[in-house]
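The structure file input19.csv is reproduced below (CSV, C-alpha atoms).
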chain,number,residue,atom,x,y,z
A,472,MET,CA,77.0,78.7,83.0
A,473,PHE,CA,77.1,81.3,85.8
A,474,VAL,CA,78.2,78.6,88.3
A,475,PHE,CA,81.0,77.7,86.0
A,476,LEU,CA,82.0,81.4,85.6
A,477,GLY,CA,81.8,81.8,89.3
A,478,LEU,CA,84.2,78.9,89.9
A,479,ILE,CA,86.7,80.3,87.3
A,480,PHE,CA,86.8,83.7,89.0
A,481,ARG,CA,86.8,82.2,92.5
A,482,PHE,CA,90.0,80.3,91.7
A,483,GLY,CA,91.4,83.1,89.5
A,484,PRO,CA,94.8,83.5,91.3
A,485,LEU,CA,95.5,79.7,91.2
A,486,LEU,CA,94.5,79.5,87.6
A,487,PHE,CA,96.7,82.5,86.7
A,488,GLY,CA,99.6,80.9,88.5
A,489,LEU,CA,99.3,77.7,86.6
A,490,GLY,CA,98.0,79.1,83.3
A,491,PHE,CA,100.3,82.1,82.9
A,492,ILE,CA,103.1,82.4,85.4
A,493,ALA,CA,104.1,78.7,84.9
A,494,PRO,CA,104.7,78.9,81.1
A,495,LEU,CA,106.1,82.5,81.5
A,496,THR,CA,108.7,81.2,84.1
A,497,ALA,CA,109.6,78.3,81.9
A,498,GLN,CA,110.1,80.5,78.9
A,499,VAL,CA,112.2,83.0,80.8
A,500,ILE,CA,114.4,80.1,82.1
A,501,GLU,CA,114.8,78.8,78.5
A,502,ARG,CA,115.5,82.2,77.0
A,503,ALA,CA,118.0,83.0,79.7
A,504,GLY,CA,119.8,79.7,79.1
A,505,TRP,CA,119.7,78.8,82.8
A,506,SER,CA,120.3,75.1,83.6
A,507,LEU,CA,118.4,73.6,86.5
A,508,PRO,CA,119.6,70.9,88.9
A,509,TYR,CA,118.2,67.4,89.5
A,510,ALA,CA,117.0,67.1,85.9
A,511,ILE,CA,114.2,69.6,86.5
A,512,THR,CA,112.8,70.9,83.2
A,513,PRO,CA,111.9,74.6,82.8
A,514,LEU,CA,108.2,73.6,82.7
A,515,MET,CA,108.4,71.7,85.9
A,516,ALA,CA,110.1,74.7,87.6
A,517,GLY,CA,107.5,77.0,86.1
A,518,LEU,CA,104.6,74.8,87.3
A,519,GLY,CA,106.2,74.7,90.8
A,520,ILE,CA,106.8,78.4,91.0
A,521,GLY,CA,103.5,79.4,89.3
A,522,GLY,CA,101.6,76.9,91.4
A,523,VAL,CA,103.1,78.0,94.7
A,524,LEU,CA,102.6,81.7,93.9
A,525,GLY,CA,99.1,81.2,92.7
A,526,LEU,CA,98.1,79.1,95.7
A,527,ALA,CA,99.6,81.7,98.1
A,528,ALA,CA,97.7,84.5,96.3
A,529,GLN,CA,94.6,82.4,96.4
A,530,LEU,CA,94.9,81.9,100.2
A,531,ARG,CA,96.1,85.4,101.1
A,532,GLY,CA,93.9,87.3,98.6
A,533,ARG,CA,96.9,89.2,97.4
A,534,TRP,CA,99.9,88.8,95.1
A,535,ILE,CA,102.0,91.4,96.9
B,1457,MET,CA,95.8,135.7,92.8
B,1458,ASN,CA,92.5,136.7,94.4
B,1459,ALA,CA,89.2,137.0,92.4
B,1460,PRO,CA,88.4,140.6,91.4
B,1461,VAL,CA,86.2,142.4,93.9
B,1462,SER,CA,83.6,142.9,91.3
B,1463,LEU,CA,83.1,139.2,90.9
B,1464,LYS,CA,83.1,138.6,94.7
B,1465,SER,CA,80.2,140.9,95.0
B,1466,LEU,CA,78.1,139.1,92.5
B,1467,SER,CA,75.2,136.9,93.5
B,1468,GLU,CA,75.2,133.2,93.3
B,1469,ALA,CA,72.8,133.4,90.3
B,1470,ASP,CA,75.0,135.9,88.5
B,1471,LEU,CA,78.2,133.8,89.0
B,1472,MET,CA,76.4,130.8,87.7
B,1473,LYS,CA,75.2,132.7,84.7
B,1474,LEU,CA,78.7,133.9,83.8
B,1475,GLU,CA,80.1,130.4,84.3
B,1476,ARG,CA,77.5,128.9,82.0
B,1477,GLU,CA,78.1,131.5,79.3
B,1478,ILE,CA,81.7,130.5,79.2
B,1479,ALA,CA,80.9,126.8,79.3
B,1480,ARG,CA,78.5,127.3,76.3
B,1481,GLN,CA,81.4,128.5,74.2
B,1482,HIS,CA,83.1,125.2,74.5
B,1483,ILE,CA,80.3,122.6,74.5
B,1484,ASP,CA,79.2,120.9,71.3
B,1485,LYS,CA,82.6,121.2,69.7
B,1486,PHE,CA,83.5,118.0,67.9
B,1487,PRO,CA,86.6,116.4,69.4
B,1488,TYR,CA,88.4,115.4,66.2
B,1489,PHE,CA,91.6,114.7,67.9
B,1490,ALA,CA,90.0,112.4,70.5
B,1491,VAL,CA,88.3,110.4,67.8
B,1492,ALA,CA,91.5,110.1,65.7
B,1493,TRP,CA,93.4,109.3,68.9
B,1494,ALA,CA,91.0,106.4,69.8
B,1495,PHE,CA,91.5,104.6,66.5
B,1496,ALA,CA,95.2,105.4,66.0
B,1497,ASN,CA,96.0,104.3,69.5
B,1498,LEU,CA,94.2,101.0,69.1
B,1499,ALA,CA,95.7,100.4,65.6
B,1500,VAL,CA,99.2,101.0,67.0
B,1501,TRP,CA,98.7,98.6,69.9
B,1502,LEU,CA,97.3,95.9,67.6
B,1503,SER,CA,100.1,96.4,65.1
B,1504,LEU,CA,102.7,95.7,67.9
B,1505,TRP,CA,101.7,92.1,67.9
B,1506,PRO,CA,102.7,91.2,64.3
B,1507,LEU,CA,105.7,93.6,64.4
B,1508,VAL,CA,107.1,91.9,67.6
B,1509,PHE,CA,106.2,88.4,66.5
B,1510,THR,CA,107.9,88.8,63.2
B,1511,GLY,CA,111.0,90.4,64.8
B,1512,VAL,CA,110.5,93.8,63.0
B,1513,LEU,CA,110.2,95.5,66.4
B,1514,PRO,CA,112.2,94.5,69.5
B,1515,LEU,CA,110.2,93.4,72.4
B,1516,TRP,CA,111.5,96.1,74.8
B,1517,ALA,CA,110.3,98.7,72.4
B,1518,GLY,CA,107.0,96.9,72.0
B,1519,PHE,CA,106.6,97.0,75.8
B,1520,LEU,CA,107.3,100.8,76.0
B,1521,ILE,CA,104.8,101.5,73.2
B,1522,ALA,CA,102.2,99.2,74.6
B,1523,SER,CA,102.4,100.8,78.0
B,1524,PHE,CA,101.9,104.2,76.4
B,1525,ASN,CA,99.0,102.8,74.4
B,1526,VAL,CA,97.2,101.4,77.5
B,1527,ALA,CA,97.8,104.7,79.4
B,1528,ALA,CA,96.5,106.7,76.5
B,1529,CYS,CA,93.4,104.5,75.7
B,1530,TYR,CA,91.1,105.7,78.4
B,1531,LEU,CA,90.6,109.4,77.5
B,1532,PRO,CA,88.8,108.9,74.1
B,1533,SER,CA,86.3,106.6,75.9
B,1534,HIS,CA,85.9,109.2,78.6
B,1535,GLU,CA,84.8,111.7,75.9
B,1536,ALA,CA,82.3,109.1,74.7
B,1537,GLN,CA,81.1,108.4,78.3
B,1538,HIS,CA,80.0,112.0,78.5
B,1539,ASP,CA,78.4,112.0,75.0
B,1540,ILE,CA,80.9,114.6,73.9
B,1541,ILE,CA,81.4,113.0,70.4
B,1542,ALA,CA,77.7,112.8,69.7
B,1543,ARG,CA,74.6,113.0,71.9
B,1544,PRO,CA,71.9,110.2,71.9
B,1545,GLY,CA,69.7,110.5,68.9
B,1546,THR,CA,72.1,112.4,66.7
B,1547,LYS,CA,73.6,111.4,63.4
B,1548,LEU,CA,77.1,110.5,64.7
B,1549,ARG,CA,75.9,108.7,67.8
B,1550,TRP,CA,77.3,105.4,66.4
B,1551,LEU,CA,80.7,107.0,66.4
B,1552,ASN,CA,80.4,108.1,70.0
B,1553,GLN,CA,79.6,104.5,71.0
B,1554,LEU,CA,82.2,102.9,68.7
B,1555,VAL,CA,84.9,105.1,70.3
B,1556,GLY,CA,83.6,104.2,73.7
B,1557,HIS,CA,83.7,100.5,73.1
B,1558,LEU,CA,86.9,100.2,71.1
B,1559,SER,CA,89.3,102.5,72.8
B,1560,THR,CA,89.5,100.8,76.1
B,1561,ILE,CA,90.1,97.3,74.7
B,1562,PRO,CA,93.8,97.3,75.7
B,1563,LEU,CA,92.8,98.3,79.2
B,1564,VAL,CA,90.2,95.4,79.4
B,1565,LEU,CA,87.6,97.9,80.5
B,1566,PRO,CA,84.1,97.5,79.1
B,1567,TYR,CA,82.4,100.7,77.9
B,1568,ARG,CA,79.2,100.2,79.8
B,1569,VAL,CA,81.0,99.5,83.1
B,1570,ALA,CA,83.3,102.5,82.6
B,1571,ARG,CA,80.4,104.8,81.7
B,1572,LEU,CA,78.0,103.8,84.4
B,1573,THR,CA,80.6,103.9,87.2
B,1574,HIS,CA,82.1,107.1,85.9
B,1575,LEU,CA,78.7,108.9,86.0
B,1576,GLU,CA,78.3,107.7,89.6
B,1577,HIS,CA,81.7,109.1,90.3
B,1578,HIS,CA,80.5,112.5,89.1
B,1579,ALA,CA,77.3,112.2,91.1
B,1580,HIS,CA,79.1,111.3,94.3
B,1581,ALA,CA,82.7,112.5,94.0
B,1582,ASN,CA,84.7,112.0,97.2
B,1583,ASP,CA,81.8,110.2,99.0
B,1584,PRO,CA,83.5,107.2,100.6
B,1585,ALA,CA,80.4,105.1,100.4
B,1586,LEU,CA,79.1,106.1,96.9
B,1587,ASP,CA,82.0,107.2,94.8
B,1588,PRO,CA,83.3,104.1,93.0
B,1589,ASP,CA,86.7,105.7,92.6
B,1590,HIS,CA,87.1,106.6,96.2
B,1591,SER,CA,89.4,103.6,96.8
B,1592,THR,CA,92.2,105.3,94.8
B,1593,HIS,CA,92.5,108.1,97.3
B,1594,ALA,CA,95.8,108.1,99.3
B,1595,SER,CA,97.9,110.5,101.4
B,1596,GLY,CA,100.6,111.2,98.8
B,1597,PRO,CA,101.9,110.3,95.3
B,1598,LEU,CA,103.8,107.2,96.3
B,1599,GLN,CA,100.9,106.0,98.5
B,1600,ALA,CA,98.6,106.6,95.5
B,1601,ILE,CA,100.7,104.3,93.3
B,1602,TRP,CA,100.8,101.6,96.0
B,1603,LYS,CA,97.0,102.0,96.6
B,1604,SER,CA,96.4,101.5,92.9
B,1605,ILE,CA,98.4,98.3,92.9
B,1606,GLN,CA,96.7,97.1,96.1
B,1607,ASN,CA,93.3,97.7,94.6
B,1608,ARG,CA,94.1,95.2,91.9
B,1609,GLN,CA,94.9,92.3,94.3
B,1610,PRO,CA,92.4,89.4,94.2
B,1611,GLY,CA,90.8,90.1,97.5
B,1612,ALA,CA,90.8,93.9,97.3
B,1613,LYS,CA,87.6,95.7,98.2
B,1614,GLY,CA,88.4,98.8,96.0
B,1615,GLY,CA,89.0,99.0,92.3
B,1616,GLU,CA,87.0,96.6,90.2
B,1617,ALA,CA,85.2,95.3,93.3
B,1618,SER,CA,83.8,98.7,94.1
B,1619,TYR,CA,82.7,99.0,90.4
B,1620,GLY,CA,80.8,95.8,90.9
B,1621,GLU,CA,79.2,97.1,94.1
B,1622,THR,CA,78.2,100.3,92.3
B,1623,LEU,CA,76.6,98.5,89.4
B,1624,GLN,CA,74.6,96.4,91.9
B,1625,ARG,CA,73.6,99.5,93.9
B,1626,ILE,CA,72.2,101.3,90.8
B,1627,GLY,CA,70.4,98.1,89.7
B,1628,ARG,CA,72.6,97.5,86.6
B,1629,GLN,CA,74.2,94.2,87.7
B,1630,GLU,CA,73.7,92.7,84.3
B,1631,VAL,CA,76.5,94.9,83.1
B,1632,MET,CA,78.9,92.9,85.2
B,1633,LEU,CA,78.5,90.2,82.6
B,1634,ASP,CA,80.5,92.6,80.2
B,1635,ALA,CA,83.3,92.7,82.7
B,1636,ALA,CA,83.2,88.9,83.1
B,1637,ILE,CA,83.4,88.4,79.3
B,1638,TYR,CA,86.2,90.9,78.9
B,1639,SER,CA,88.2,89.2,81.7
B,1640,LEU,CA,87.6,85.7,80.2
B,1641,VAL,CA,88.8,86.9,76.8
B,1642,PHE,CA,91.8,88.7,78.3
B,1643,TYR,CA,93.0,85.8,80.5
B,1644,GLY,CA,92.1,83.3,77.8
B,1645,THR,CA,94.3,85.2,75.3
B,1646,LEU,CA,97.1,85.4,77.8
B,1647,PHE,CA,96.9,81.7,78.7
B,1648,GLY,CA,96.6,80.7,75.0
B,1649,LEU,CA,99.7,82.7,74.0
B,1650,ALA,CA,101.6,81.5,77.0
B,1651,TRP,CA,101.0,77.8,76.4
B,1652,SER,CA,101.8,78.2,72.7
B,1653,GLY,CA,105.3,79.5,73.5
B,1654,HIS,CA,104.7,83.3,73.6
B,1655,ALA,CA,104.3,84.0,77.3
B,1656,ILE,CA,107.0,86.7,77.4
B,1657,GLU,CA,105.4,88.5,74.5
B,1658,ALA,CA,102.0,88.3,76.1
B,1659,ALA,CA,103.4,89.6,79.4
B,1660,LEU,CA,105.2,92.5,77.8
B,1661,LEU,CA,102.6,93.6,75.2
B,1662,TRP,CA,99.5,93.3,77.3
B,1663,TRP,CA,99.7,92.0,80.9
B,1664,LEU,CA,102.4,94.3,82.3
B,1665,PRO,CA,101.5,97.4,80.1
B,1666,ARG,CA,98.0,97.1,81.4
B,1667,HIS,CA,99.2,97.3,85.0
B,1668,VAL,CA,101.5,100.2,84.1
B,1669,GLY,CA,98.8,102.0,82.2
B,1670,MET,CA,96.1,101.5,84.8
B,1671,THR,CA,98.4,102.8,87.6
B,1672,TYR,CA,99.2,105.9,85.4
B,1673,ILE,CA,95.5,106.5,84.6
B,1674,GLN,CA,94.4,106.1,88.2
B,1675,TYR,CA,97.1,108.4,89.4
B,1676,TYR,CA,96.4,111.2,87.1
B,1677,LEU,CA,92.7,110.8,86.4
B,1678,SER,CA,91.5,109.8,89.9
B,1679,TRP,CA,94.0,110.5,92.6
B,1680,ALA,CA,95.7,113.8,91.6
B,1681,PRO,CA,92.7,115.9,90.6
B,1682,HIS,CA,90.7,115.0,93.7
B,1683,HIS,CA,93.5,114.8,96.4
B,1684,PRO,CA,93.0,114.9,99.3
B,1685,ALA,CA,89.4,113.9,98.5
B,1686,THR,CA,87.9,115.1,101.7
B,1687,ASP,CA,85.6,117.8,100.4
B,1688,LYS,CA,82.3,117.2,98.7
B,1689,GLY,CA,80.1,119.5,96.6
B,1690,ARG,CA,80.2,121.1,93.1
B,1691,TYR,CA,83.0,123.5,93.8
B,1692,ARG,CA,85.1,121.6,96.3
B,1693,ASP,CA,85.3,117.9,95.2
B,1694,THR,CA,88.0,118.5,92.6
B,1695,ARG,CA,90.9,120.9,92.1
B,1696,SER,CA,93.2,122.4,89.5
B,1697,PHE,CA,96.9,121.6,90.0
B,1698,ARG,CA,100.2,122.1,88.3
B,1699,SER,CA,102.0,118.8,87.3
B,1700,ILE,CA,105.7,118.7,87.0
B,1701,PHE,CA,105.2,116.7,83.8
B,1702,GLY,CA,102.9,119.3,82.3
B,1703,ASN,CA,99.3,119.1,81.1
B,1704,ILE,CA,99.9,116.6,78.3
B,1705,CYS,CA,101.8,114.0,80.4
B,1706,SER,CA,99.2,114.5,83.2
B,1707,MET,CA,96.6,113.6,80.6
B,1708,GLY,CA,95.0,117.1,80.7
B,1709,MET,CA,94.0,116.6,84.3
B,1710,GLN,CA,95.5,119.9,85.5
B,1711,TYR,CA,92.1,121.4,84.5
B,1712,HIS,CA,89.9,118.6,85.8
B,1713,ILE,CA,87.9,121.0,87.8
B,1714,VAL,CA,86.3,122.3,84.6
B,1715,HIS,CA,85.4,118.8,83.6
B,1716,HIS,CA,83.5,118.2,86.8
B,1717,LEU,CA,81.7,121.5,86.6
B,1718,HIS,CA,80.8,121.0,82.9
B,1719,PRO,CA,81.4,117.4,81.8
B,1720,ARG,CA,80.4,118.0,78.2
B,1721,ILE,CA,83.3,120.3,77.5
B,1722,PRO,CA,85.8,118.3,75.4
B,1723,LEU,CA,89.1,117.6,77.0
B,1724,TYR,CA,91.1,119.7,74.6
B,1725,ARG,CA,89.0,122.8,75.4
B,1726,THR,CA,89.3,122.5,79.2
B,1727,PRO,CA,92.5,124.6,79.5
B,1728,LYS,CA,90.9,127.6,77.6
B,1729,ALA,CA,87.7,127.3,79.5
B,1730,TYR,CA,89.6,127.2,82.8
B,1731,TRP,CA,91.5,130.4,82.1
B,1732,GLN,CA,88.3,132.1,81.1
B,1733,MET,CA,86.5,130.8,84.3
B,1734,ARG,CA,89.4,131.2,86.7
B,1735,ASP,CA,88.2,134.4,88.4
B,1736,ILE,CA,84.7,132.9,88.8
B,1737,LEU,CA,86.2,129.8,90.3
B,1738,GLU,CA,88.3,131.9,92.6
B,1739,ALA,CA,85.2,133.8,93.7
B,1740,ARG,CA,83.5,130.5,94.4
B,1741,GLY,CA,86.3,129.4,96.7
B,1742,CYS,CA,87.5,126.5,94.5
B,1743,ARG,CA,90.8,124.8,95.1
B,1744,LEU,CA,93.1,126.4,92.5
B,1745,GLU,CA,96.5,125.0,93.5
B,1746,GLY,CA,99.4,126.6,91.7
B,1747,LEU,CA,97.6,127.1,88.4
How does this structure look as C-alpha cells?
Amino acid sequence: MFVFLGLIFRFGPLLFGLGFIAPLTAQVIERAGWSLPYAITPLMAGLGIGGVLGLAAQLRGRWI
Amino acid sequence: MNAPVSLKSLSEADLMKLEREIARQHIDKFPYFAVAWAFANLAVWLSLWPLVFTGVLPLWAGFLIASFNVAACYLPSHEAQHDIIARPGTKLRWLNQLVGHLSTIPLVLPYRVARLTHLEHHAHANDPALDPDHSTHASGPLQAIWKSIQNRQPGAKGGEASYGETLQRIGRQEVMLDAAIYSLVFYGTLFGLAWSGHAIEAALLWWLPRHVGMTYIQYYLSWAPHHPATDKGRYRDTRSFRSIFGNICSMGMQYHIVHHLHPRIPLYRTPKAYWQMRDILEARGCRLEGL
C-alpha cells in the first residue's frame, strides 16, 4: 500500500501531465475550435503536450 | 508615536500584567462570524459546481468566486487550530473540530497537518531550521509571490515538504497520511473530471483557484506579518503593518502581532486588542510599522 502510494507521488508530475494537462489541453483545443495539422486529434496533441511538460517537470523537479 | 513615559518606566512584570489584563477582555469570546463564515464559504464553493455545470453561472464568474472561496477558507480553520471556537473537553468542542476539518477542504489542507505545523510556527517563528513557514520569507512583495509559487514545485524543499519535515521532527509522521489521502482525493477528482470531459471546469473551479488562494494566504498570513523575518522572540518575531488593501482584504493580518502574543484572541477582536495594547507594545520595542 505505502509502496504504491510512494510510487504515485514519486511520479506525480508525469501523472499530472498525462492525467490532467493532456485532457485539459485537448478540451481547450476543442472549445477554441482550433484545427490541427497532419490529422492530429486534440487528444493526441494533449497527450503530447501533457506528456512532455510532465516529463520535463519530473526530471527538473519544477514546472516553472 | 512613542510609548508614554509612564509605561516605559514600568517593570517587565508590570507590563506583562497590563498586557494580560487587556488580552483577558478578548479571550473566550465565541467567534460567531468565523463559524458562519466556515460553513457559508464551503457551501458557496460546493454550489459553484452544479451552478457552472448546469450553465446557471458562467465559468469565469465561477473561477473568481472559487478563488475568493479558497483564499477565505483558511482563517476559520485557524481559529479552530487555536481552540478559539471551543477548548478541549467543552460542550462545543465538536464544532471547533468540525470547522477545522471542513473549512480547508477547498485548499486541500488537512486540519491535523495545518494545526500541528502552525503550532510549531508559533513556537519557532522566524527560526530558519524550525519554523515550518520560514520558506515563505522573501525580500519583497513580488519575491514573496514568486517564492510561494516556487515552494509548490515538485522538487521544492519549502512549503509542503517543510511541513512533512516538521511532522517527522515532532514525531507525528502518521499525520502525513492525512496529507497523502487529501492529495489522492484532490488529484483523483481532477483526473476523473478531466477524463470525463470537464477538465476546464476542474481547472477553473479548483486547481487554479487553489494556487491563487494559496499564494494570497501565504502572502498575507505568512510573509507580510513576519517580514523581514530576521528577528526572533515574543515581541520581535512579528509586526503590525498597514496594508494598502485595508484590514479585511489583508485577512486581518495588520494586527497579527496580537495573535502571536495571545493566540486565543479571536481574529475579529485583534484590532481592538491591538489599539488597547499599542502603548505597551511600543514600550516593549515591538515593530509597529505605520499602524
So, counting only C-alpha atoms, which residue among B:Ser1639, B:Thr1726, B:Thr1671, B:Gln1609 is closest to chain A? B:Gln1609
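Going from atom CA of B:Phe1642 over to atom CA of B:Ala1658, you cover 10.4 Å.
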For A:Ala516, work out the shell of residues within 9 Å, counting only C-alpha atoms and skipping chain neighbours fewer than 5 positions away, then give it as a PyMOL selection string. chain A and resi 493+496-497+500+507+511+521
Please find the residues of chain A near chain B - the criterion being any atom within 10 Å, counting only C-alpha atoms - and write them as a PyMOL selection string. chain A and resi 473+476-477+479-484+486-487+489-499+502+528-535
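Across the structure, atom CA of B:Arg1734 and atom CA of B:Phe1486 are spaced 23.7 Å apart.
For the atom pair formed by atom CA of B:Leu1677 and atom CA of B:Met1709, the distance is 6.3 Å, given to one decimal.
Among the candidates B:Ala1685, B:Leu1471, B:Ile1521, B:Leu1551, the residue lying nearest to B:His1590 is B:Ala1685 (atoms considered: all atoms listed in the file).
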Find the residues near B:Val1631: any atom within 10 Å, counting only C-alpha atoms, skip ones fewer than 3 places away on the same chain, and give them as JSON, numbers by chain. {"B": [1566, 1567, 1568, 1569, 1572, 1620, 1623, 1624, 1627, 1628, 1634, 1635, 1636]}
If you take all atoms listed in the file and a cut-off of 12 Å, which residues of stretch 1573-1629 of chain B touch stretch 1529-1536 of chain B, and what are their nearest atom pairs and distances in Å to one decimal, in chain and number order, as a Markdown table?
| residue | atom | partner | partner_atom | distance |
| --- | --- | --- | --- | --- |
| B:Thr1573 | CA | B:His1534 | CA | 11.4 |
| B:His1574 | CA | B:His1534 | CA | 8.5 |
| B:Leu1575 | CA | B:His1534 | CA | 10.3 |
Shell around B:Leu1660 at 9 Å using all atoms listed in the file, local window under 3 positions removed, as a VMD selection string: chain B and resid 1515 to 1516 1518 to 1520 1522 to 1523 1655 to 1657 1663 to 1665
